[in-house]
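> Input structure: my_file.cif, which contains mmCIF, N, CA and C atoms and all ligand atoms.
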data_entry
loop_
_atom_site.label_atom_id
_atom_site.label_comp_id
_atom_site.auth_asym_id
_atom_site.auth_seq_id
_atom_site.Cartn_x
_atom_site.Cartn_y
_atom_site.Cartn_z
N MET A 1 -53.48 60.04 80.66
CA MET A 1 -53.66 58.89 81.56
C MET A 1 -54.90 58.11 81.17
N ALA A 2 -54.85 56.80 81.37
CA ALA A 2 -55.98 55.94 81.02
C ALA A 2 -57.15 56.19 81.98
N GLU A 3 -58.26 55.61 81.64
CA GLU A 3 -59.46 55.75 82.49
C GLU A 3 -59.18 55.20 83.89
N LEU A 4 -59.64 55.91 84.90
CA LEU A 4 -59.34 55.50 86.27
C LEU A 4 -60.49 54.71 86.87
N SER A 5 -60.15 53.73 87.69
CA SER A 5 -61.13 53.02 88.51
C SER A 5 -60.81 53.33 89.96
N ARG A 6 -61.81 53.41 90.77
CA ARG A 6 -61.58 53.65 92.20
C ARG A 6 -61.70 52.33 92.95
N THR A 7 -60.88 52.19 93.98
CA THR A 7 -60.99 51.00 94.82
C THR A 7 -60.69 51.40 96.25
N GLY A 8 -61.20 50.66 97.19
CA GLY A 8 -60.88 50.92 98.60
C GLY A 8 -60.17 49.71 99.15
N ILE A 9 -59.23 49.94 100.05
CA ILE A 9 -58.55 48.78 100.65
C ILE A 9 -58.58 48.91 102.17
N SER A 10 -58.58 47.78 102.85
CA SER A 10 -58.54 47.78 104.32
C SER A 10 -57.14 47.40 104.77
N LEU A 11 -56.61 48.17 105.70
CA LEU A 11 -55.25 47.92 106.21
C LEU A 11 -55.24 48.08 107.72
N GLU A 12 -54.36 47.38 108.38
CA GLU A 12 -54.14 47.60 109.81
C GLU A 12 -53.65 49.04 109.99
N ARG A 13 -54.05 49.67 111.10
CA ARG A 13 -53.70 51.07 111.33
C ARG A 13 -52.17 51.29 111.32
N ASP A 14 -51.44 50.39 111.98
CA ASP A 14 -49.97 50.53 112.03
C ASP A 14 -49.34 50.43 110.65
N LEU A 15 -49.89 49.52 109.86
CA LEU A 15 -49.35 49.31 108.52
C LEU A 15 -49.57 50.57 107.67
N LEU A 16 -50.75 51.16 107.81
CA LEU A 16 -51.04 52.38 107.06
C LEU A 16 -50.17 53.53 107.53
N ALA A 17 -49.95 53.62 108.84
CA ALA A 17 -49.10 54.69 109.39
C ALA A 17 -47.68 54.54 108.84
N GLY A 18 -47.19 53.31 108.80
CA GLY A 18 -45.86 53.06 108.25
C GLY A 18 -45.78 53.42 106.79
N PHE A 19 -46.83 53.09 106.06
CA PHE A 19 -46.89 53.40 104.63
C PHE A 19 -46.87 54.91 104.42
N ASP A 20 -47.65 55.63 105.22
CA ASP A 20 -47.70 57.10 105.08
C ASP A 20 -46.34 57.73 105.34
N LYS A 21 -45.62 57.20 106.34
CA LYS A 21 -44.27 57.73 106.62
C LYS A 21 -43.34 57.46 105.45
N LEU A 22 -43.41 56.24 104.95
CA LEU A 22 -42.56 55.84 103.82
C LEU A 22 -42.79 56.73 102.61
N ILE A 23 -44.04 56.95 102.27
CA ILE A 23 -44.32 57.72 101.05
C ILE A 23 -44.01 59.20 101.25
N ALA A 24 -44.12 59.67 102.49
CA ALA A 24 -43.73 61.07 102.76
C ALA A 24 -42.23 61.23 102.54
N ARG A 25 -41.46 60.25 103.04
CA ARG A 25 -40.00 60.31 102.84
C ARG A 25 -39.64 60.28 101.36
N ARG A 26 -40.41 59.53 100.61
CA ARG A 26 -40.11 59.41 99.17
C ARG A 26 -40.68 60.57 98.35
N GLY A 27 -41.43 61.43 99.01
CA GLY A 27 -41.90 62.63 98.33
C GLY A 27 -43.22 62.49 97.58
N TYR A 28 -43.97 61.44 97.88
CA TYR A 28 -45.29 61.32 97.23
C TYR A 28 -46.26 62.32 97.81
N LYS A 29 -47.12 62.86 96.93
CA LYS A 29 -48.12 63.83 97.38
C LYS A 29 -49.35 63.12 97.93
N ASN A 30 -49.59 61.90 97.45
CA ASN A 30 -50.77 61.18 97.95
C ASN A 30 -50.57 59.67 97.84
N ARG A 31 -51.45 58.94 98.54
CA ARG A 31 -51.34 57.47 98.58
C ARG A 31 -51.58 56.83 97.22
N SER A 32 -52.47 57.42 96.44
CA SER A 32 -52.82 56.80 95.15
C SER A 32 -51.60 56.65 94.25
N GLU A 33 -50.83 57.73 94.13
CA GLU A 33 -49.67 57.67 93.24
C GLU A 33 -48.63 56.68 93.78
N ALA A 34 -48.48 56.65 95.09
CA ALA A 34 -47.53 55.70 95.70
C ALA A 34 -47.97 54.26 95.45
N LEU A 35 -49.26 54.01 95.61
CA LEU A 35 -49.77 52.65 95.38
C LEU A 35 -49.64 52.25 93.91
N ARG A 36 -49.93 53.20 93.02
CA ARG A 36 -49.77 52.90 91.58
C ARG A 36 -48.33 52.47 91.27
N ASP A 37 -47.37 53.21 91.84
CA ASP A 37 -45.96 52.87 91.57
C ASP A 37 -45.59 51.51 92.16
N LEU A 38 -46.10 51.21 93.34
CA LEU A 38 -45.81 49.90 93.95
C LEU A 38 -46.38 48.77 93.09
N ILE A 39 -47.58 48.99 92.58
CA ILE A 39 -48.21 47.97 91.74
C ILE A 39 -47.44 47.81 90.42
N ARG A 40 -47.05 48.93 89.82
CA ARG A 40 -46.26 48.85 88.58
C ARG A 40 -44.95 48.09 88.81
N ASP A 41 -44.33 48.37 89.95
CA ASP A 41 -43.07 47.71 90.27
C ASP A 41 -43.27 46.20 90.44
N ALA A 42 -44.36 45.81 91.09
CA ALA A 42 -44.65 44.38 91.27
C ALA A 42 -44.91 43.72 89.92
N LEU A 43 -45.64 44.42 89.03
CA LEU A 43 -45.91 43.87 87.70
C LEU A 43 -44.63 43.73 86.88
N LEU A 44 -43.76 44.73 87.01
CA LEU A 44 -42.49 44.70 86.29
C LEU A 44 -41.61 43.56 86.79
N THR A 45 -41.61 43.34 88.10
CA THR A 45 -40.84 42.21 88.67
C THR A 45 -41.33 40.90 88.07
N GLU A 46 -42.63 40.79 87.92
CA GLU A 46 -43.18 39.56 87.35
C GLU A 46 -42.75 39.38 85.89
N ILE A 47 -42.75 40.49 85.14
CA ILE A 47 -42.29 40.43 83.75
C ILE A 47 -40.82 40.02 83.70
N ALA A 48 -40.02 40.64 84.57
CA ALA A 48 -38.58 40.35 84.57
C ALA A 48 -38.31 38.90 84.96
N ASP A 49 -39.16 38.34 85.83
CA ASP A 49 -38.97 36.95 86.26
C ASP A 49 -39.48 35.95 85.23
N SER A 50 -40.30 36.41 84.32
CA SER A 50 -40.79 35.52 83.26
C SER A 50 -39.78 35.61 82.12
N ASN A 51 -40.17 35.31 80.93
CA ASN A 51 -39.20 35.43 79.84
C ASN A 51 -39.73 36.40 78.78
N LYS A 52 -40.32 37.47 79.24
CA LYS A 52 -40.93 38.44 78.31
C LYS A 52 -39.89 39.45 77.81
N PRO A 53 -40.21 40.17 76.73
CA PRO A 53 -39.28 41.18 76.21
C PRO A 53 -39.10 42.32 77.22
N VAL A 54 -37.86 42.65 77.46
CA VAL A 54 -37.53 43.73 78.40
C VAL A 54 -36.37 44.55 77.85
N VAL A 55 -36.09 45.63 78.52
CA VAL A 55 -34.89 46.41 78.27
C VAL A 55 -34.04 46.30 79.53
N GLY A 56 -32.77 46.00 79.34
CA GLY A 56 -31.89 45.85 80.49
C GLY A 56 -30.73 46.84 80.40
N THR A 57 -30.40 47.43 81.52
CA THR A 57 -29.23 48.31 81.59
C THR A 57 -28.24 47.70 82.57
N LEU A 58 -27.12 47.31 82.04
CA LEU A 58 -26.10 46.69 82.89
C LEU A 58 -24.99 47.70 83.15
N THR A 59 -24.71 47.94 84.42
CA THR A 59 -23.59 48.81 84.80
C THR A 59 -22.47 47.94 85.33
N LEU A 60 -21.29 48.12 84.79
CA LEU A 60 -20.12 47.33 85.21
C LEU A 60 -19.00 48.27 85.64
N VAL A 61 -18.32 47.92 86.71
CA VAL A 61 -17.09 48.62 87.07
C VAL A 61 -16.00 47.56 87.08
N TYR A 62 -14.98 47.78 86.28
CA TYR A 62 -13.94 46.74 86.22
C TYR A 62 -12.53 47.30 86.23
N ASP A 63 -11.65 46.40 86.61
CA ASP A 63 -10.24 46.73 86.75
C ASP A 63 -9.59 46.77 85.37
N HIS A 64 -9.16 47.92 85.00
CA HIS A 64 -8.60 48.18 83.69
C HIS A 64 -7.30 47.40 83.44
N HIS A 65 -6.63 46.99 84.53
CA HIS A 65 -5.33 46.32 84.39
C HIS A 65 -5.40 44.80 84.28
N VAL A 66 -6.59 44.22 84.40
CA VAL A 66 -6.70 42.77 84.23
C VAL A 66 -6.55 42.47 82.73
N PRO A 67 -5.55 41.63 82.39
CA PRO A 67 -5.24 41.41 80.97
C PRO A 67 -6.46 40.94 80.16
N ASN A 68 -6.67 41.57 79.04
CA ASN A 68 -7.70 41.19 78.06
C ASN A 68 -9.15 41.34 78.52
N LEU A 69 -9.36 41.82 79.73
CA LEU A 69 -10.74 41.88 80.23
C LEU A 69 -11.61 42.78 79.35
N SER A 70 -11.10 43.94 79.03
CA SER A 70 -11.87 44.87 78.21
C SER A 70 -12.26 44.23 76.87
N GLN A 71 -11.29 43.55 76.24
CA GLN A 71 -11.56 42.87 74.96
C GLN A 71 -12.59 41.75 75.13
N LYS A 72 -12.45 41.00 76.23
CA LYS A 72 -13.39 39.89 76.46
C LYS A 72 -14.81 40.40 76.64
N LEU A 73 -14.94 41.49 77.38
CA LEU A 73 -16.28 42.06 77.60
C LEU A 73 -16.89 42.55 76.28
N THR A 74 -16.05 43.17 75.46
CA THR A 74 -16.52 43.64 74.15
C THR A 74 -16.92 42.46 73.27
N GLU A 75 -16.10 41.42 73.31
CA GLU A 75 -16.37 40.19 72.55
C GLU A 75 -17.73 39.60 72.95
N MET A 76 -17.99 39.54 74.25
CA MET A 76 -19.25 38.97 74.73
C MET A 76 -20.44 39.79 74.22
N GLN A 77 -20.24 41.10 74.15
CA GLN A 77 -21.33 41.95 73.67
C GLN A 77 -21.57 41.75 72.17
N HIS A 78 -20.48 41.56 71.42
CA HIS A 78 -20.63 41.29 69.99
C HIS A 78 -21.37 39.98 69.77
N HIS A 79 -21.01 38.98 70.56
CA HIS A 79 -21.65 37.67 70.42
C HIS A 79 -23.05 37.64 70.99
N GLY A 80 -23.40 38.71 71.71
CA GLY A 80 -24.76 38.82 72.22
C GLY A 80 -25.75 39.14 71.12
N GLY A 81 -25.24 39.32 69.91
CA GLY A 81 -26.10 39.56 68.76
C GLY A 81 -26.84 40.87 68.86
N THR A 82 -28.10 40.85 68.47
CA THR A 82 -28.88 42.08 68.42
C THR A 82 -29.32 42.53 69.81
N LYS A 83 -29.03 41.74 70.82
CA LYS A 83 -29.47 42.10 72.17
C LYS A 83 -28.84 43.41 72.65
N VAL A 84 -27.60 43.66 72.27
CA VAL A 84 -26.92 44.85 72.75
C VAL A 84 -27.24 46.04 71.83
N LEU A 85 -27.89 47.04 72.40
CA LEU A 85 -28.27 48.23 71.61
C LEU A 85 -27.18 49.28 71.64
N ALA A 86 -26.53 49.43 72.78
CA ALA A 86 -25.53 50.48 72.93
C ALA A 86 -24.67 50.20 74.15
N ALA A 87 -23.46 50.73 74.12
CA ALA A 87 -22.59 50.61 75.29
C ALA A 87 -21.80 51.91 75.42
N THR A 88 -21.62 52.33 76.65
CA THR A 88 -20.86 53.55 76.91
C THR A 88 -19.74 53.22 77.88
N HIS A 89 -18.57 53.69 77.56
CA HIS A 89 -17.40 53.40 78.38
C HIS A 89 -16.84 54.70 78.95
N VAL A 90 -16.57 54.68 80.24
CA VAL A 90 -15.98 55.85 80.89
C VAL A 90 -14.71 55.40 81.63
N HIS A 91 -13.61 56.06 81.40
CA HIS A 91 -12.38 55.76 82.14
C HIS A 91 -12.47 56.49 83.48
N LEU A 92 -12.85 55.75 84.52
CA LEU A 92 -13.14 56.37 85.81
C LEU A 92 -11.92 57.00 86.44
N ASP A 93 -10.85 56.23 86.50
CA ASP A 93 -9.59 56.75 87.05
C ASP A 93 -8.46 55.89 86.48
N HIS A 94 -7.31 55.95 87.11
CA HIS A 94 -6.16 55.22 86.59
C HIS A 94 -6.41 53.72 86.52
N ASN A 95 -7.23 53.19 87.45
CA ASN A 95 -7.41 51.75 87.55
C ASN A 95 -8.74 51.21 87.03
N TYR A 96 -9.75 52.03 87.08
CA TYR A 96 -11.08 51.48 86.83
C TYR A 96 -11.82 52.08 85.64
N CYS A 97 -12.57 51.20 84.99
CA CYS A 97 -13.44 51.60 83.90
C CYS A 97 -14.90 51.35 84.31
N LEU A 98 -15.76 52.20 83.84
CA LEU A 98 -17.20 52.02 84.03
C LEU A 98 -17.81 51.78 82.66
N GLU A 99 -18.66 50.78 82.57
CA GLU A 99 -19.32 50.53 81.31
C GLU A 99 -20.81 50.36 81.55
N VAL A 100 -21.62 50.99 80.72
CA VAL A 100 -23.07 50.82 80.79
C VAL A 100 -23.51 50.19 79.47
N VAL A 101 -24.13 49.03 79.56
CA VAL A 101 -24.54 48.28 78.37
C VAL A 101 -26.07 48.23 78.35
N ILE A 102 -26.65 48.72 77.28
CA ILE A 102 -28.12 48.73 77.16
C ILE A 102 -28.53 47.61 76.21
N MET A 103 -29.42 46.76 76.69
CA MET A 103 -29.81 45.57 75.93
C MET A 103 -31.32 45.48 75.80
N ARG A 104 -31.75 44.81 74.75
CA ARG A 104 -33.18 44.54 74.60
C ARG A 104 -33.36 43.11 74.15
N GLY A 105 -34.31 42.42 74.77
CA GLY A 105 -34.55 41.03 74.39
C GLY A 105 -35.36 40.33 75.45
N ARG A 106 -35.38 39.01 75.39
CA ARG A 106 -36.08 38.21 76.39
C ARG A 106 -35.32 38.31 77.71
N SER A 107 -36.07 38.41 78.80
CA SER A 107 -35.42 38.67 80.09
C SER A 107 -34.38 37.61 80.47
N LYS A 108 -34.65 36.35 80.13
CA LYS A 108 -33.69 35.30 80.50
C LYS A 108 -32.37 35.45 79.75
N GLU A 109 -32.47 35.78 78.46
CA GLU A 109 -31.25 35.95 77.65
C GLU A 109 -30.42 37.13 78.16
N ILE A 110 -31.11 38.20 78.51
CA ILE A 110 -30.41 39.39 79.00
C ILE A 110 -29.75 39.12 80.34
N LYS A 111 -30.47 38.44 81.22
CA LYS A 111 -29.88 38.11 82.53
C LYS A 111 -28.67 37.20 82.37
N GLU A 112 -28.79 36.25 81.44
CA GLU A 112 -27.69 35.32 81.21
C GLU A 112 -26.44 36.05 80.73
N LEU A 113 -26.62 36.93 79.76
CA LEU A 113 -25.49 37.70 79.24
C LEU A 113 -24.90 38.60 80.33
N ALA A 114 -25.77 39.25 81.09
CA ALA A 114 -25.31 40.12 82.18
C ALA A 114 -24.55 39.31 83.23
N ASP A 115 -25.07 38.16 83.60
CA ASP A 115 -24.40 37.32 84.60
C ASP A 115 -23.02 36.88 84.14
N ARG A 116 -22.91 36.55 82.85
CA ARG A 116 -21.60 36.12 82.33
C ARG A 116 -20.59 37.26 82.39
N MET A 117 -21.05 38.47 82.08
CA MET A 117 -20.13 39.61 82.15
C MET A 117 -19.76 39.93 83.60
N LEU A 118 -20.76 39.85 84.49
CA LEU A 118 -20.50 40.16 85.90
C LEU A 118 -19.57 39.14 86.56
N ALA A 119 -19.58 37.91 86.04
CA ALA A 119 -18.78 36.85 86.64
C ALA A 119 -17.31 36.91 86.22
N MET A 120 -16.98 37.76 85.24
CA MET A 120 -15.59 37.81 84.78
C MET A 120 -14.67 38.31 85.89
N ARG A 121 -13.49 37.70 85.97
CA ARG A 121 -12.52 38.14 86.95
C ARG A 121 -12.08 39.56 86.60
N GLY A 122 -12.13 40.44 87.59
CA GLY A 122 -11.76 41.83 87.33
C GLY A 122 -12.98 42.75 87.28
N VAL A 123 -14.16 42.15 87.05
CA VAL A 123 -15.40 42.95 87.15
C VAL A 123 -15.75 43.00 88.63
N GLU A 124 -15.64 44.19 89.21
CA GLU A 124 -15.72 44.26 90.66
C GLU A 124 -17.07 44.70 91.19
N LEU A 125 -17.77 45.49 90.41
CA LEU A 125 -19.10 45.92 90.82
C LEU A 125 -20.00 45.87 89.60
N GLY A 126 -21.26 45.66 89.83
CA GLY A 126 -22.15 45.70 88.69
C GLY A 126 -23.56 45.39 89.08
N LYS A 127 -24.47 45.84 88.24
CA LYS A 127 -25.87 45.60 88.51
C LYS A 127 -26.67 45.70 87.22
N LEU A 128 -27.59 44.77 87.07
CA LEU A 128 -28.51 44.80 85.94
C LEU A 128 -29.84 45.36 86.40
N VAL A 129 -30.32 46.36 85.71
CA VAL A 129 -31.67 46.89 85.98
C VAL A 129 -32.54 46.51 84.79
N VAL A 130 -33.60 45.77 85.07
CA VAL A 130 -34.51 45.34 84.01
C VAL A 130 -35.75 46.23 84.07
N THR A 131 -36.12 46.74 82.93
CA THR A 131 -37.30 47.60 82.90
C THR A 131 -38.06 47.38 81.60
N ASN A 132 -39.10 48.14 81.43
CA ASN A 132 -39.91 48.02 80.23
C ASN A 132 -40.76 49.27 80.12
N SER A 133 -41.37 49.45 78.98
CA SER A 133 -42.21 50.64 78.85
C SER A 133 -43.49 50.43 79.66
N GLY A 134 -44.11 51.52 80.04
CA GLY A 134 -45.35 51.44 80.78
C GLY A 134 -46.41 50.67 80.02
N ALA A 135 -46.38 50.76 78.68
CA ALA A 135 -47.37 50.09 77.86
C ALA A 135 -47.33 48.58 78.07
N ALA A 136 -46.11 48.05 78.25
CA ALA A 136 -45.97 46.61 78.44
C ALA A 136 -46.64 46.15 79.73
N LEU A 137 -46.66 47.03 80.73
CA LEU A 137 -47.28 46.65 82.00
C LEU A 137 -48.77 46.41 81.83
N LYS A 138 -49.37 47.17 80.93
CA LYS A 138 -50.82 47.04 80.74
C LYS A 138 -51.18 45.77 79.99
N HIS A 139 -50.19 45.20 79.28
CA HIS A 139 -50.48 44.00 78.49
C HIS A 139 -49.66 42.81 79.00
N SER A 140 -49.47 42.77 80.30
CA SER A 140 -48.55 41.77 80.83
C SER A 140 -49.25 40.46 81.19
N HIS A 141 -50.50 40.25 80.73
CA HIS A 141 -51.17 39.00 81.05
C HIS A 141 -50.72 37.89 80.13
NI NI B 201 -11.54 52.68 80.38
#
Show me this structure written as structure tokens.


Amino acid sequence: MAELSRTGISLERDLLAGFDKLIARRGYKNRSEALRDLIRDALLTEIADSNKPVVGTLTLVYDHHVPNLSQKLTEMQHHGGTKVLAATHVHLDHNYCLEVVIMRGRSKEIKELADRMLAMRGVELGKLVVTNSGAALKHSH
């Protein structure tokens, strides 16, 4: 772990009580680790909202019986160029397929590609999770 700095913060008593309950439910041993994670999450959100390099994991659930959908999704990934690092396909049941697509690139490009795949008719559920290495958080200025 990097060198630590100490800081003190002032909070309303009710707000702190609510925070303590929240972190207990989430299994944190102390406030410091919970606060560190909240701060990292806020920094990551800022990176994802900018156009910085990120890693994106897109999960798609789609109807296997919609004509050509599987081919179209594969086509979009091919045309995504080097952004797509890997994709995993699982035949969930008779009707549905699950696909997880791992991408790396500028956050806007990844969101755009993910949105286009999610908008396809027959794609019924899906979510893009944007993340990055911890190292990127330290250099996010
Ligand atoms: Ni399938």

> DSSP on the backbone: which residues in range 55-141 of chain A end up as helix (DSSP H, G or I)? Give the answer as a ChimeraX atom specification.

/A:69-79,81-83,107-118,134-138

> Hey, which residues come within 7 Å of ligand NI 201 (chain B) if we count all atoms listed in the file? Could you give them as a short mmCIF file (atom, residue, chain, number, x, y, z; two decimals) with N, CA and C atoms, keeping the file's coordinate frame?


data_model
loop_
_atom_site.label_atom_id
_atom_site.label_comp_id
_atom_site.auth_asym_id
_atom_site.auth_seq_id
_atom_site.Cartn_x
_atom_site.Cartn_y
_atom_site.Cartn_z
N HIS A 64 -9.16 47.92 85.00
CA HIS A 64 -8.60 48.18 83.69
C HIS A 64 -7.30 47.40 83.44
N HIS A 89 -18.57 53.69 77.56
CA HIS A 89 -17.40 53.40 78.38
C HIS A 89 -16.84 54.70 78.95
N VAL A 90 -16.57 54.68 80.24
CA VAL A 90 -15.98 55.85 80.89
C VAL A 90 -14.71 55.40 81.63
N HIS A 91 -13.61 56.06 81.40
CA HIS A 91 -12.38 55.76 82.14
C HIS A 91 -12.47 56.49 83.48
N LEU A 92 -12.85 55.75 84.52
CA LEU A 92 -13.14 56.37 85.81
C LEU A 92 -11.92 57.00 86.44
N TYR A 96 -9.75 52.03 87.08
CA TYR A 96 -11.08 51.48 86.83
C TYR A 96 -11.82 52.08 85.64
N CYS A 97 -12.57 51.20 84.99
CA CYS A 97 -13.44 51.60 83.90
C CYS A 97 -14.90 51.35 84.31
N LEU A 98 -15.76 52.20 83.84
CA LEU A 98 -17.20 52.02 84.03
C LEU A 98 -17.81 51.78 82.66
#

> Kindly extract all protein, DNA and RNA residues lying within 6 Å of the coordinates (-14.6, 43.8, 81.8) given in the file, considering all atoms listed in the file, and supply them as a list in words.

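Neighbouring residues, ordered by chain and number, come to Tyr62, Leu69, Ser70, Leu73, Gly122 and Val123 of chain A.
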
> What does the distance between CA of Asp115 in chain A and CA of Asp93 in chain A come to in Å, to one decimal place?

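For CA of Asp115 in chain A relative to CA of Asp93 in chain A, the distance reads 24.6 Å.
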
> Check the smallest atom-to-atom distance from each of A:Arg36, A:Glu112, A:Leu4, A:Asp63 to Asn95 in chain A using only N, CA and C atoms, then report the winner.

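Between A:Arg36, A:Glu112, A:Leu4, A:Asp63, the residue approaching Asn95 in chain A most closely is A:Asp63.
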
> Report the distance between CA of Gly8 in chain A and atom N of Ser32 in chain A in Å, rounded to one decimal place.

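Result for CA of Gly8 in chain A versus atom N of Ser32 in chain A: 10.8 Å, one decimal.
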
> Which is closest to Val54 in chain A among A:Met103, A:Ile23, A:Ile9, A:Ala34, if we use only C-alpha atoms?

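Between A:Met103, A:Ile23, A:Ile9, A:Ala34, the residue approaching Val54 in chain A most closely is A:Met103.
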
> Mind checking DSSP for chain A and telling me the strand (DSSP E) residues as a PyMOL selection string?

chain A and resi 53-63+84-91+96-106+123-131

> Can you work out the spacing between CA of Ser5 in chain A and CA of Glu46 in chain A in Å, to one decimal?

22.5 Å

> Complete range 38-46 of chain A with all heavy atoms (output as a PDB file, in the frame of the given file).


ATOM      1  N   LEU A  38     -46.100  51.210  93.340  1.00  0.00           N
ATOM      2  CA  LEU A  38     -45.810  49.900  93.950  1.00  0.00           C
ATOM      3  C   LEU A  38     -46.380  48.770  93.090  1.00  0.00           C
ATOM      4  O   LEU A  38     -45.735  47.739  92.896  1.00  0.00           O
ATOM      5  CB  LEU A  38     -46.400  49.810  95.352  1.00  0.00           C
ATOM      6  CG  LEU A  38     -45.665  50.566  96.445  1.00  0.00           C
ATOM      7  CD1 LEU A  38     -46.436  50.468  97.751  1.00  0.00           C
ATOM      8  CD2 LEU A  38     -44.257  50.006  96.634  1.00  0.00           C
ATOM      9  N   ILE A  39     -47.580  48.990  92.580  1.00  0.00           N
ATOM     10  CA  ILE A  39     -48.210  47.970  91.740  1.00  0.00           C
ATOM     11  C   ILE A  39     -47.440  47.810  90.420  1.00  0.00           C
ATOM     12  O   ILE A  39     -47.163  46.690  89.982  1.00  0.00           O
ATOM     13  CB  ILE A  39     -49.696  48.311  91.488  1.00  0.00           C
ATOM     14  CG1 ILE A  39     -50.481  48.187  92.808  1.00  0.00           C
ATOM     15  CG2 ILE A  39     -50.300  47.402  90.415  1.00  0.00           C
ATOM     16  CD1 ILE A  39     -51.882  48.772  92.774  1.00  0.00           C
ATOM     17  N   ARG A  40     -47.050  48.930  89.820  1.00  0.00           N
ATOM     18  CA  ARG A  40     -46.260  48.850  88.580  1.00  0.00           C
ATOM     19  C   ARG A  40     -44.950  48.090  88.810  1.00  0.00           C
ATOM     20  O   ARG A  40     -44.526  47.293  87.989  1.00  0.00           O
ATOM     21  CB  ARG A  40     -45.912  50.258  88.068  1.00  0.00           C
ATOM     22  CG  ARG A  40     -47.072  50.977  87.428  1.00  0.00           C
ATOM     23  CD  ARG A  40     -46.601  52.304  86.817  1.00  0.00           C
ATOM     24  NE  ARG A  40     -47.742  53.154  86.540  1.00  0.00           N
ATOM     25  CZ  ARG A  40     -48.027  54.284  87.184  1.00  0.00           C
ATOM     26  NH1 ARG A  40     -47.229  54.733  88.140  1.00  0.00           N
ATOM     27  NH2 ARG A  40     -49.094  54.975  86.875  1.00  0.00           N
ATOM     28  N   ASP A  41     -44.330  48.370  89.950  1.00  0.00           N
ATOM     29  CA  ASP A  41     -43.070  47.710  90.270  1.00  0.00           C
ATOM     30  C   ASP A  41     -43.270  46.200  90.440  1.00  0.00           C
ATOM     31  O   ASP A  41     -42.449  45.407  89.969  1.00  0.00           O
ATOM     32  CB  ASP A  41     -42.478  48.333  91.542  1.00  0.00           C
ATOM     33  CG  ASP A  41     -41.042  47.912  91.733  1.00  0.00           C
ATOM     34  OD1 ASP A  41     -40.247  48.117  90.797  1.00  0.00           O
ATOM     35  OD2 ASP A  41     -40.713  47.346  92.792  1.00  0.00           O
ATOM     36  N   ALA A  42     -44.360  45.810  91.090  1.00  0.00           N
ATOM     37  CA  ALA A  42     -44.650  44.380  91.270  1.00  0.00           C
ATOM     38  C   ALA A  42     -44.910  43.720  89.920  1.00  0.00           C
ATOM     39  O   ALA A  42     -44.445  42.599  89.664  1.00  0.00           O
ATOM     40  CB  ALA A  42     -45.847  44.209  92.192  1.00  0.00           C
ATOM     41  N   LEU A  43     -45.640  44.420  89.030  1.00  0.00           N
ATOM     42  CA  LEU A  43     -45.910  43.870  87.700  1.00  0.00           C
ATOM     43  C   LEU A  43     -44.630  43.730  86.880  1.00  0.00           C
ATOM     44  O   LEU A  43     -44.422  42.736  86.187  1.00  0.00           O
ATOM     45  CB  LEU A  43     -46.920  44.752  86.949  1.00  0.00           C
ATOM     46  CG  LEU A  43     -48.348  44.747  87.496  1.00  0.00           C
ATOM     47  CD1 LEU A  43     -49.181  45.826  86.817  1.00  0.00           C
ATOM     48  CD2 LEU A  43     -48.998  43.385  87.313  1.00  0.00           C
ATOM     49  N   LEU A  44     -43.760  44.730  87.010  1.00  0.00           N
ATOM     50  CA  LEU A  44     -42.490  44.700  86.290  1.00  0.00           C
ATOM     51  C   LEU A  44     -41.610  43.560  86.790  1.00  0.00           C
ATOM     52  O   LEU A  44     -40.965  42.876  85.991  1.00  0.00           O
ATOM     53  CB  LEU A  44     -41.764  46.042  86.459  1.00  0.00           C
ATOM     54  CG  LEU A  44     -40.405  46.164  85.753  1.00  0.00           C
ATOM     55  CD1 LEU A  44     -40.575  45.999  84.248  1.00  0.00           C
ATOM     56  CD2 LEU A  44     -39.774  47.505  86.067  1.00  0.00           C
ATOM     57  N   THR A  45     -41.610  43.340  88.100  1.00  0.00           N
ATOM     58  CA  THR A  45     -40.840  42.210  88.670  1.00  0.00           C
ATOM     59  C   THR A  45     -41.330  40.900  88.070  1.00  0.00           C
ATOM     60  O   THR A  45     -40.526  40.026  87.732  1.00  0.00           O
ATOM     61  CB  THR A  45     -40.985  42.190  90.205  1.00  0.00           C
ATOM     62  OG1 THR A  45     -40.492  43.426  90.705  1.00  0.00           O
ATOM     63  CG2 THR A  45     -40.194  41.043  90.816  1.00  0.00           C
ATOM     64  N   GLU A  46     -42.630  40.790  87.920  1.00  0.00           N
ATOM     65  CA  GLU A  46     -43.180  39.560  87.350  1.00  0.00           C
ATOM     66  C   GLU A  46     -42.750  39.380  85.890  1.00  0.00           C
ATOM     67  O   GLU A  46     -42.398  38.287  85.467  1.00  0.00           O
ATOM     68  CB  GLU A  46     -44.705  39.581  87.455  1.00  0.00           C
ATOM     69  CG  GLU A  46     -45.296  38.196  87.334  1.00  0.00           C
ATOM     70  CD  GLU A  46     -46.791  38.207  87.511  1.00  0.00           C
ATOM     71  OE1 GLU A  46     -47.451  39.023  86.834  1.00  0.00           O
ATOM     72  OE2 GLU A  46     -47.283  37.404  88.308  1.00  0.00           O
TER      73      GLU A  46
END
